[in-house]
file final_33.txt (compact mmCIF, C-alpha atoms)
# COMPACT_ATOMS: atom_id res chain seq x y z
CA MET H 290 -21.45 -9.07 -0.77
CA ASP H 291 -21.35 -8.24 -4.46
CA ASP H 292 -18.37 -8.92 -6.70
CA ASP H 293 -17.05 -5.38 -6.30
CA ALA H 294 -17.37 -5.31 -2.52
CA CYS H 295 -14.77 -3.01 -1.00
CA VAL H 296 -13.09 -3.12 2.40
CA LEU H 297 -11.17 -0.12 3.73
CA ILE H 298 -8.47 -1.11 6.22
CA VAL H 299 -7.39 1.62 8.65
CA GLU H 300 -4.18 0.60 10.35
CA ALA H 301 -0.95 2.47 11.04
CA ASP H 302 1.34 -0.54 11.07
CA VAL H 303 2.32 -1.27 7.50
CA LEU H 304 3.05 -4.93 8.18
CA VAL H 305 -0.37 -5.54 9.70
CA ARG H 306 -2.11 -3.43 7.10
CA SER H 307 -0.52 -5.13 4.11
CA ALA H 308 -1.03 -8.61 5.57
CA LEU H 309 -4.74 -7.97 6.17
CA ALA H 310 -5.09 -6.31 2.77
CA ASN H 311 -3.43 -9.18 0.93
CA TYR H 312 -5.59 -11.68 2.79
CA LEU H 313 -8.83 -9.89 1.93
CA ARG H 314 -7.74 -9.37 -1.70
CA ASP H 315 -7.18 -13.10 -1.93
CA CYS H 316 -10.73 -13.48 -0.62
CA GLY H 317 -11.95 -11.57 -3.66
CA TYR H 318 -12.47 -8.14 -2.14
CA ARG H 319 -11.36 -4.83 -3.54
CA VAL H 320 -9.27 -3.46 -0.66
CA LEU H 321 -8.24 0.12 0.06
CA GLU H 322 -5.67 1.03 2.68
CA ALA H 323 -5.43 4.01 5.02
CA ALA H 324 -2.74 4.66 7.58
CA ASP H 325 -4.93 6.81 9.83
CA GLY H 326 -8.37 8.29 10.24
CA SER H 327 -7.56 11.34 8.17
CA GLU H 328 -6.66 9.23 5.14
CA ALA H 329 -9.70 7.06 5.77
CA ARG H 330 -12.06 10.05 5.68
CA GLU H 331 -10.46 11.29 2.46
CA ILE H 332 -11.04 7.90 0.85
CA LEU H 333 -14.61 7.64 2.13
CA LEU H 334 -15.46 11.04 0.67
CA GLU H 335 -14.28 9.88 -2.76
CA PRO H 336 -17.39 8.50 -4.53
CA ALA H 337 -15.34 6.20 -6.76
CA ALA H 338 -13.97 4.42 -3.70
CA ALA H 339 -17.43 2.93 -2.97
CA VAL H 340 -16.42 1.44 0.38
CA ASP H 341 -18.76 -1.14 1.90
CA VAL H 342 -16.92 -2.03 5.12
CA VAL H 343 -14.32 -0.20 7.24
CA LEU H 344 -12.03 -2.43 9.28
CA ALA H 345 -10.30 -0.05 11.69
CA ASN H 346 -7.89 -0.30 14.57
CA VAL H 347 -9.40 1.45 17.59
CA LYS H 348 -5.93 2.88 18.30
CA ALA H 349 -5.51 4.51 14.88
CA PRO H 350 -3.31 7.62 15.14
CA LYS H 351 -4.51 11.21 14.67
CA ASP H 352 -8.02 10.19 15.66
CA SER H 353 -9.15 6.96 17.20
CA GLY H 354 -11.13 4.28 15.48
CA PHE H 355 -14.03 5.27 17.73
CA LEU H 356 -14.00 8.83 16.39
CA LEU H 357 -13.75 7.49 12.86
CA ALA H 358 -16.74 5.23 13.50
CA VAL H 359 -18.78 8.20 14.73
CA TRP H 360 -17.76 10.19 11.65
CA VAL H 361 -18.68 7.31 9.33
CA ARG H 362 -22.08 6.91 10.96
CA ALA H 363 -22.77 10.61 10.45
CA ASN H 364 -21.36 10.97 6.95
CA CYS H 365 -21.53 7.53 5.33
CA PRO H 366 -24.38 5.73 7.10
CA HIS H 367 -24.47 2.96 4.48
CA VAL H 368 -20.90 1.92 5.37
CA GLU H 369 -20.41 -0.80 7.95
CA VAL H 370 -17.65 -0.25 10.53
CA GLU H 371 -15.76 -3.04 12.27
CA LEU H 372 -13.51 -1.88 15.11
CA VAL H 373 -10.71 -4.16 16.26
CA GLY H 374 -8.18 -3.71 19.03
CA SER H 375 -5.61 -6.44 18.54
CA VAL H 376 -4.06 -8.53 15.84
CA GLU H 377 -6.08 -11.49 17.00
CA THR H 378 -9.41 -9.70 16.74
CA ALA H 379 -8.35 -8.14 13.43
CA THR H 380 -7.50 -11.48 11.85
CA HIS H 381 -10.65 -13.05 13.30
CA LYS H 382 -12.79 -10.25 11.91
CA ALA H 383 -10.98 -10.46 8.55
CA SER H 384 -11.72 -14.17 8.36
CA GLU H 385 -15.40 -13.46 9.06
CA ILE H 386 -15.46 -10.80 6.35
CA CYS H 387 -13.73 -13.26 4.03
CA ALA H 388 -16.31 -15.96 4.71
CA ASP H 389 -19.05 -13.47 3.88
CA GLY H 390 -17.31 -12.22 0.76
CA PRO H 391 -17.37 -12.71 -2.97
CA GLU H 392 -15.88 -15.74 -4.62
CA PRO H 393 -12.08 -15.47 -4.72
CA SER H 394 -10.81 -14.67 -8.21
CA THR H 395 -7.72 -16.75 -7.55
CA PRO H 396 -7.13 -19.71 -5.23
CA LEU H 397 -6.29 -18.75 -1.67
CA ARG H 398 -2.66 -18.97 -0.77
CA SER H 399 -1.77 -21.61 1.76
CA MET X 284 -0.78 0.61 16.90
CA TRP X 285 0.07 -2.99 17.47
CA SER X 286 3.77 -2.31 17.88
CA GLU X 287 4.31 -5.52 19.81
CA LEU X 288 3.27 -7.43 16.76
CA ASN X 289 5.68 -10.01 15.45
CA MET X 290 4.10 -10.47 12.06
CA VAL X 291 6.21 -10.95 8.96
CA PRO X 292 5.22 -10.42 5.35
CA GLN X 293 4.37 -13.46 3.33
CA SER X 294 7.26 -15.22 1.68
CA ARG X 295 8.06 -14.18 -1.86
CA THR X 296 8.00 -17.86 -2.73
CA GLN X 297 4.21 -17.77 -2.25
CA VAL X 298 3.57 -15.24 -4.96
CA ASP X 299 4.29 -15.32 -8.63
CA GLU X 300 3.76 -11.75 -9.67
CA PRO X 301 6.46 -9.09 -9.22
CA ARG X 302 5.92 -7.03 -6.08
CA VAL X 303 6.06 -3.23 -6.20
CA LEU X 304 6.43 -1.08 -3.09
CA VAL X 305 4.51 2.15 -3.70
CA ILE X 306 5.40 5.12 -1.51
CA GLU X 307 3.07 8.09 -1.84
CA ASP X 308 1.65 10.35 0.84
CA GLU X 309 -1.28 11.59 -1.25
CA VAL X 310 -3.77 8.86 -0.49
CA LEU X 311 -5.93 9.15 -3.60
CA ILE X 312 -2.89 9.15 -5.89
CA ARG X 313 -1.48 6.17 -3.97
CA ILE X 314 -4.69 4.20 -4.30
CA ALA X 315 -5.00 5.01 -8.00
CA ILE X 316 -1.45 4.06 -8.96
CA ALA X 317 -1.64 0.95 -6.78
CA GLU X 318 -4.87 -0.17 -8.41
CA HIS X 319 -3.43 0.41 -11.90
CA LEU X 320 -0.33 -1.61 -11.03
CA ARG X 321 -2.51 -4.43 -9.63
CA ALA X 322 -4.62 -4.37 -12.77
CA ALA X 323 -1.38 -4.87 -14.71
CA GLY X 324 -0.79 -8.09 -12.79
CA LEU X 325 1.64 -6.79 -10.19
CA SER X 326 1.47 -7.28 -6.43
CA VAL X 327 1.53 -3.94 -4.61
CA ILE X 328 2.48 -2.92 -1.09
CA GLU X 329 1.30 0.59 -0.21
CA THR X 330 3.18 2.78 2.19
CA VAL X 331 2.43 6.33 3.27
CA ASN X 332 5.96 7.69 3.54
CA ALA X 333 9.61 6.72 3.31
CA ASP X 334 9.85 5.85 7.01
CA GLU X 335 7.06 3.32 6.68
CA ALA X 336 8.66 1.87 3.55
CA TRP X 337 12.03 1.57 5.26
CA SER X 338 10.35 -0.16 8.20
CA TYR X 339 8.80 -2.64 5.78
CA LEU X 340 12.10 -3.32 4.00
CA LYS X 341 14.03 -3.67 7.27
CA SER X 342 11.49 -6.19 8.52
CA GLY X 343 12.41 -8.49 5.65
CA GLY X 344 9.67 -7.51 3.26
CA GLN X 345 10.90 -8.39 -0.20
CA VAL X 346 10.03 -6.29 -3.19
CA ASP X 347 11.05 -6.32 -6.84
CA LEU X 348 10.75 -2.58 -7.43
CA ILE X 349 10.26 0.60 -5.42
CA PHE X 350 8.01 3.33 -6.85
CA SER X 351 8.34 6.44 -4.70
CA ASP X 352 7.39 10.05 -4.59
CA ILE X 353 10.26 12.33 -3.55
CA ALA X 354 8.65 15.07 -1.45
CA MET X 355 7.02 13.48 1.58
CA PRO X 356 6.58 14.17 5.29
CA GLY X 357 8.64 12.17 7.75
CA THR X 358 12.29 11.87 8.69
CA MET X 359 13.42 11.22 5.12
CA ASP X 360 12.20 11.97 1.64
CA GLY X 361 12.21 9.70 -1.38
CA LEU X 362 15.79 10.62 -2.28
CA ALA X 363 17.11 9.75 1.17
CA LEU X 364 15.23 6.47 1.02
CA ALA X 365 16.65 5.71 -2.43
CA LYS X 366 20.18 6.28 -1.13
CA ARG X 367 19.58 3.94 1.82
CA VAL X 368 18.08 1.32 -0.45
CA LYS X 369 21.04 1.58 -2.83
CA GLU X 370 23.35 0.89 0.12
CA LYS X 371 21.42 -1.93 1.79
CA PHE X 372 19.41 -3.43 -1.04
CA PRO X 373 21.26 -2.53 -4.24
CA GLU X 374 19.44 -5.20 -6.21
CA ILE X 375 16.08 -3.40 -5.93
CA PRO X 376 15.39 -1.01 -8.83
CA ILE X 377 13.90 2.35 -7.86
CA VAL X 378 11.57 4.66 -9.74
CA LEU X 379 11.30 8.16 -8.28
CA THR X 380 8.57 10.61 -9.19
CA SER X 381 8.35 14.33 -8.61
CA GLY X 382 6.92 17.50 -10.02
CA ASN X 383 10.43 18.97 -9.92
CA ALA X 384 12.29 17.66 -12.95
CA GLN X 385 15.56 19.07 -11.59
CA TYR X 386 15.71 15.97 -9.42
CA ALA X 387 16.17 13.95 -12.60
CA LEU X 388 19.28 15.95 -13.45
CA ASP X 389 20.71 16.08 -9.95
CA ASN X 390 20.15 12.51 -8.89
CA LEU X 391 21.04 9.58 -11.05
CA ILE X 392 20.51 6.92 -8.40
CA ALA X 393 17.11 5.98 -9.72
CA ARG X 394 14.95 6.08 -12.80
CA PHE X 395 12.81 9.17 -12.86
CA LEU X 396 9.17 9.67 -13.81
CA PRO X 397 8.13 13.34 -13.86
CA LYS X 398 4.82 14.42 -12.37
CA PRO X 399 2.14 14.80 -13.41
CA TYR X 400 2.13 11.35 -14.96
CA SER X 401 -0.74 9.40 -16.41
CA PHE X 402 -1.38 6.17 -14.57
CA ASP X 403 -1.09 4.19 -17.79
CA ASP X 404 2.32 5.74 -18.47
CA ALA X 405 3.39 5.00 -14.90
CA VAL X 406 2.43 1.35 -15.29
CA LYS X 407 4.37 1.13 -18.58
CA PHE X 408 7.35 2.77 -16.89
CA VAL X 409 7.27 0.27 -14.02
CA LEU X 410 6.88 -2.72 -16.32
CA ALA X 411 9.74 -1.49 -18.51
CA THR X 412 11.95 -1.02 -15.45
CA LEU X 413 11.16 -4.51 -14.18
CA GLU X 414 11.95 -5.96 -17.60
CA LEU X 415 15.20 -4.01 -17.82
CA ASP X 416 16.14 -5.18 -14.35
CA GLN X 417 15.44 -8.76 -15.35
CA PHE X 418 17.79 -8.43 -18.32
CA ASN X 419 20.46 -6.78 -16.17
CA THR X 420 20.38 -9.55 -13.56
CA PRO X 421 23.14 -12.09 -14.24

call {"tool": "encode", "arguments": {"input": "final_33.txt", "output": "structure tokens"}}
result
Amino acid sequence: MDDDACVLIVEADVLVRSALANYLRDCGYRVLEAADGSEAREILLEPAAAVDVVLANVKAPKDSGFLLAVWVRANCPHVEVELVGSVETATHKASEICADGPEPSTPLRS
Amino acid sequence: MWSELNMVPQSRTQVDEPRVLVIEDEVLIRIAIAEHLRAAGLSVIETVNADEAWSYLKSGGQVDLIFSDIAMPGTMDGLALAKRVKEKFPEIPIVLTSGNAQYALDNLIARFLPKPYSFDDAVKFVLATLELDQFNTP
């Protein structure tokens, strides 16, 4: 991942979303947040967003993470999609993304 | 949603920078103002509407300032949220934004930033409010 690598988190629960976002920001990523698939698509269509990875809850409201993944494949084929279905899988996937990420700009919080 | 989740926000003791809760339903505006505030050295929590923000605050999420749009979908708008916050969390300063300047005249419960605002001006407004609040705290 380059230094400006960007992760888009799609999660309706603000507590989960902000916790994952803070974690990945501490890992050195630029992180964008969407509460549902509609917001996610709006972000992905914005060229300046330059999203590299979408980390989405399969149970995202308005349309499921599966539908979002299909849309991303059709409209943003360069963007990787990671679907997660529980907090455990989300945190596990976030830690994998973190390990693969840029150097943290600040020390990780304990 | 993972509604069964029992996750709590990180403790404020773990972060040094002031934390701003941004409430804006227009996603591109929310991202832009959040990024500008982060670039100014602030920690930012993004919420989509007042209901989500209230859920965050009720869960124990601590913030140093609330930056909220007024007109939003959901069960309450930014004004209703500001009134609740003033009752339950009177120590948190609030900045409300709107394209309708009449709100500034009718509601004196919060500082007011008229829309459209430049992101640089919004950051200055937030930083000034945080500084004022610091001076007002005994």

call {"tool": "atom_distance", "arguments": {"input": "final_33.txt", "atom1": "CA of Cys295 in chain H", "atom2": "CA of Thr380 in chain H"}}
result
17.0 Å

call {"tool": "residues_around", "arguments": {"input": "final_33.txt", "residues": "range 368-370 of chain H", "least_positions_apart": "5", "cutoff": "10 Å", "atoms": "all atoms listed in the file", "output": "VMD selection string"}}
result
chain H and resid 296 to 297 333 339 to 345 354 to 355 357 to 359 361 to 362

call {"tool": "atom_distance", "arguments": {"input": "final_33.txt", "atom1": "CA of Asp352 in chain X", "atom2": "CA of Glu307 in chain X"}}
result
5.5 Å

call {"tool": "axis_aligned_box", "arguments": {"input": "final_33.txt", "around": "range 355-359 of chain H", "padding_each_side": "5 Å", "output": "JSON"}}
result
{"center_x": -16.3, "center_y": 7.0, "center_z": 15.3, "size_x": 15.0, "size_y": 13.6, "size_z": 14.9}

call {"tool": "atom_distance", "arguments": {"input": "final_33.txt", "atom1": "CA of Asp308 in chain X", "atom2": "CA of Gly357 in chain X"}}
result
10.0 Å

call {"tool": "interface_residues", "arguments": {"input": "final_33.txt", "of": "chain H", "to": "chain X", "cutoff": "7 Å", "atoms": "all atoms listed in the file", "output": "list in words"}}
result
Ala301, Asp302, Val303, Leu304, Ser307, Ala308, Leu321, Ala324, Glu328, Ile332, Lys348, Ala349 and Ser375 of chain H

call {"tool": "residues_around", "arguments": {"input": "final_33.txt", "residues": "Phe408 in chain X", "least_positions_apart": "6", "cutoff": "10 Å", "atoms": "only C-alpha atoms", "output": "VMD selection string"}}
result
chain X and resid 378 394 to 396 402 414

call {"tool": "residues_around", "arguments": {"input": "final_33.txt", "residues": "Ala323 in chain H", "least_positions_apart": "3", "cutoff": "7 Å", "atoms": "all atoms listed in the file", "output": "PyMOL selection string"}}
result
chain H and resi 298-300+328-329

call {"tool": "residues_around", "arguments": {"input": "final_33.txt", "residues": "Ile377 in chain X", "least_positions_apart": "4", "cutoff": "7 Å", "atoms": "all atoms listed in the file", "output": "number ranges by chain"}}
result
X: 348-350, 365, 393-394

call {"tool": "build_atoms", "arguments": {"input": "final_33.txt", "residues": "range 305-330 of chain H", "atoms": "N, CA, C and O atoms", "output": "PDB file, in the frame of the given file"}}
result
ATOM      1  N   VAL H 305       0.979  -5.048   9.421  1.00  0.00           N
ATOM      2  CA  VAL H 305      -0.370  -5.540   9.700  1.00  0.00           C
ATOM      3  C   VAL H 305      -1.310  -5.173   8.562  1.00  0.00           C
ATOM      4  O   VAL H 305      -2.091  -5.992   8.070  1.00  0.00           O
ATOM      5  N   ARG H 306      -1.200  -3.914   8.145  1.00  0.00           N
ATOM      6  CA  ARG H 306      -2.110  -3.430   7.100  1.00  0.00           C
ATOM      7  C   ARG H 306      -1.959  -4.228   5.809  1.00  0.00           C
ATOM      8  O   ARG H 306      -2.945  -4.666   5.201  1.00  0.00           O
ATOM      9  N   SER H 307      -0.715  -4.425   5.384  1.00  0.00           N
ATOM     10  CA  SER H 307      -0.520  -5.130   4.110  1.00  0.00           C
ATOM     11  C   SER H 307      -0.887  -6.594   4.221  1.00  0.00           C
ATOM     12  O   SER H 307      -1.408  -7.184   3.265  1.00  0.00           O
ATOM     13  N   ALA H 308      -0.653  -7.195   5.405  1.00  0.00           N
ATOM     14  CA  ALA H 308      -1.030  -8.610   5.570  1.00  0.00           C
ATOM     15  C   ALA H 308      -2.547  -8.770   5.506  1.00  0.00           C
ATOM     16  O   ALA H 308      -3.065  -9.664   4.815  1.00  0.00           O
ATOM     17  N   LEU H 309      -3.274  -7.903   6.219  1.00  0.00           N
ATOM     18  CA  LEU H 309      -4.740  -7.970   6.170  1.00  0.00           C
ATOM     19  C   LEU H 309      -5.252  -7.678   4.763  1.00  0.00           C
ATOM     20  O   LEU H 309      -6.170  -8.348   4.270  1.00  0.00           O
ATOM     21  N   ALA H 310      -4.632  -6.683   4.121  1.00  0.00           N
ATOM     22  CA  ALA H 310      -5.090  -6.310   2.770  1.00  0.00           C
ATOM     23  C   ALA H 310      -4.871  -7.446   1.788  1.00  0.00           C
ATOM     24  O   ALA H 310      -5.761  -7.773   0.995  1.00  0.00           O
ATOM     25  N   ASN H 311      -3.706  -8.064   1.843  1.00  0.00           N
ATOM     26  CA  ASN H 311      -3.430  -9.180   0.930  1.00  0.00           C
ATOM     27  C   ASN H 311      -4.402 -10.331   1.166  1.00  0.00           C
ATOM     28  O   ASN H 311      -4.879 -10.970   0.226  1.00  0.00           O
ATOM     29  N   TYR H 312      -4.673 -10.595   2.446  1.00  0.00           N
ATOM     30  CA  TYR H 312      -5.590 -11.680   2.790  1.00  0.00           C
ATOM     31  C   TYR H 312      -6.979 -11.418   2.202  1.00  0.00           C
ATOM     32  O   TYR H 312      -7.579 -12.292   1.560  1.00  0.00           O
ATOM     33  N   LEU H 313      -7.479 -10.197   2.407  1.00  0.00           N
ATOM     34  CA  LEU H 313      -8.830  -9.890   1.930  1.00  0.00           C
ATOM     35  C   LEU H 313      -8.876  -9.790   0.402  1.00  0.00           C
ATOM     36  O   LEU H 313      -9.893 -10.108  -0.209  1.00  0.00           O
ATOM     37  N   ARG H 314      -7.766  -9.359  -0.221  1.00  0.00           N
ATOM     38  CA  ARG H 314      -7.740  -9.370  -1.700  1.00  0.00           C
ATOM     39  C   ARG H 314      -7.815 -10.802  -2.209  1.00  0.00           C
ATOM     40  O   ARG H 314      -8.486 -11.078  -3.200  1.00  0.00           O
ATOM     41  N   ASP H 315      -7.112 -11.691  -1.532  1.00  0.00           N
ATOM     42  CA  ASP H 315      -7.180 -13.100  -1.930  1.00  0.00           C
ATOM     43  C   ASP H 315      -8.585 -13.653  -1.746  1.00  0.00           C
ATOM     44  O   ASP H 315      -8.963 -14.632  -2.389  1.00  0.00           O
ATOM     45  N   CYS H 316      -9.342 -13.055  -0.823  1.00  0.00           N
ATOM     46  CA  CYS H 316     -10.730 -13.480  -0.620  1.00  0.00           C
ATOM     47  C   CYS H 316     -11.654 -12.944  -1.704  1.00  0.00           C
ATOM     48  O   CYS H 316     -12.842 -13.274  -1.714  1.00  0.00           O
ATOM     49  N   GLY H 317     -11.150 -12.087  -2.558  1.00  0.00           N
ATOM     50  CA  GLY H 317     -11.950 -11.570  -3.660  1.00  0.00           C
ATOM     51  C   GLY H 317     -12.432 -10.147  -3.481  1.00  0.00           C
ATOM     52  O   GLY H 317     -13.148  -9.611  -4.323  1.00  0.00           O
ATOM     53  N   TYR H 318     -12.042  -9.516  -2.374  1.00  0.00           N
ATOM     54  CA  TYR H 318     -12.470  -8.140  -2.140  1.00  0.00           C
ATOM     55  C   TYR H 318     -11.567  -7.147  -2.865  1.00  0.00           C
ATOM     56  O   TYR H 318     -10.381  -7.406  -3.080  1.00  0.00           O
ATOM     57  N   ARG H 319     -12.144  -6.000  -3.198  1.00  0.00           N
ATOM     58  CA  ARG H 319     -11.360  -4.830  -3.540  1.00  0.00           C
ATOM     59  C   ARG H 319     -10.990  -4.201  -2.189  1.00  0.00           C
ATOM     60  O   ARG H 319     -11.862  -4.005  -1.340  1.00  0.00           O
ATOM     61  N   VAL H 320      -9.724  -3.931  -1.973  1.00  0.00           N
ATOM     62  CA  VAL H 320      -9.270  -3.460  -0.660  1.00  0.00           C
ATOM     63  C   VAL H 320      -8.543  -2.127  -0.812  1.00  0.00           C
ATOM     64  O   VAL H 320      -7.664  -1.982  -1.670  1.00  0.00           O
ATOM     65  N   LEU H 321      -8.924  -1.172   0.003  1.00  0.00           N
ATOM     66  CA  LEU H 321      -8.240   0.120   0.060  1.00  0.00           C
ATOM     67  C   LEU H 321      -7.568   0.228   1.425  1.00  0.00           C
ATOM     68  O   LEU H 321      -8.037  -0.350   2.406  1.00  0.00           O
ATOM     69  N   GLU H 322      -6.455   0.963   1.448  1.00  0.00           N
ATOM     70  CA  GLU H 322      -5.670   1.030   2.680  1.00  0.00           C
ATOM     71  C   GLU H 322      -5.493   2.478   3.132  1.00  0.00           C
ATOM     72  O   GLU H 322      -5.174   3.345   2.324  1.00  0.00           O
ATOM     73  N   ALA H 323      -5.680   2.693   4.431  1.00  0.00           N
ATOM     74  CA  ALA H 323      -5.430   4.010   5.020  1.00  0.00           C
ATOM     75  C   ALA H 323      -4.577   3.829   6.258  1.00  0.00           C
ATOM     76  O   ALA H 323      -4.765   2.881   7.018  1.00  0.00           O
ATOM     77  N   ALA H 324      -3.637   4.754   6.436  1.00  0.00           N
ATOM     78  CA  ALA H 324      -2.740   4.660   7.580  1.00  0.00           C
ATOM     79  C   ALA H 324      -3.328   5.289   8.829  1.00  0.00           C
ATOM     80  O   ALA H 324      -2.887   5.009   9.940  1.00  0.00           O
ATOM     81  N   ASP H 325      -4.324   6.152   8.662  1.00  0.00           N
ATOM     82  CA  ASP H 325      -4.930   6.810   9.830  1.00  0.00           C
ATOM     83  C   ASP H 325      -6.342   7.284   9.468  1.00  0.00           C
ATOM     84  O   ASP H 325      -6.788   7.154   8.323  1.00  0.00           O
ATOM     85  N   GLY H 326      -6.986   7.858  10.448  1.00  0.00           N
ATOM     86  CA  GLY H 326      -8.370   8.290  10.240  1.00  0.00           C
ATOM     87  C   GLY H 326      -8.504   9.391   9.217  1.00  0.00           C
ATOM     88  O   GLY H 326      -9.500   9.452   8.482  1.00  0.00           O
ATOM     89  N   SER H 327      -7.500  10.247   9.137  1.00  0.00           N
ATOM     90  CA  SER H 327      -7.560  11.340   8.170  1.00  0.00           C
ATOM     91  C   SER H 327      -7.571  10.800   6.737  1.00  0.00           C
ATOM     92  O   SER H 327      -8.380  11.232   5.902  1.00  0.00           O
ATOM     93  N   GLU H 328      -6.675   9.855   6.471  1.00  0.00           N
ATOM     94  CA  GLU H 328      -6.660   9.230   5.140  1.00  0.00           C
ATOM     95  C   GLU H 328      -7.968   8.487   4.888  1.00  0.00           C
ATOM     96  O   GLU H 328      -8.501   8.509   3.772  1.00  0.00           O
ATOM     97  N   ALA H 329      -8.470   7.829   5.922  1.00  0.00           N
ATOM     98  CA  ALA H 329      -9.700   7.060   5.770  1.00  0.00           C
ATOM     99  C   ALA H 329     -10.865   7.970   5.361  1.00  0.00           C
ATOM    100  O   ALA H 329     -11.653   7.639   4.467  1.00  0.00           O
ATOM    101  N   ARG H 330     -10.967   9.132   6.011  1.00  0.00           N
ATOM    102  CA  ARG H 330     -12.060  10.050   5.680  1.00  0.00           C
ATOM    103  C   ARG H 330     -11.934  10.552   4.242  1.00  0.00           C
ATOM    104  O   ARG H 330     -12.927  10.678   3.531  1.00  0.00           O
TER     105      ARG H 330
END
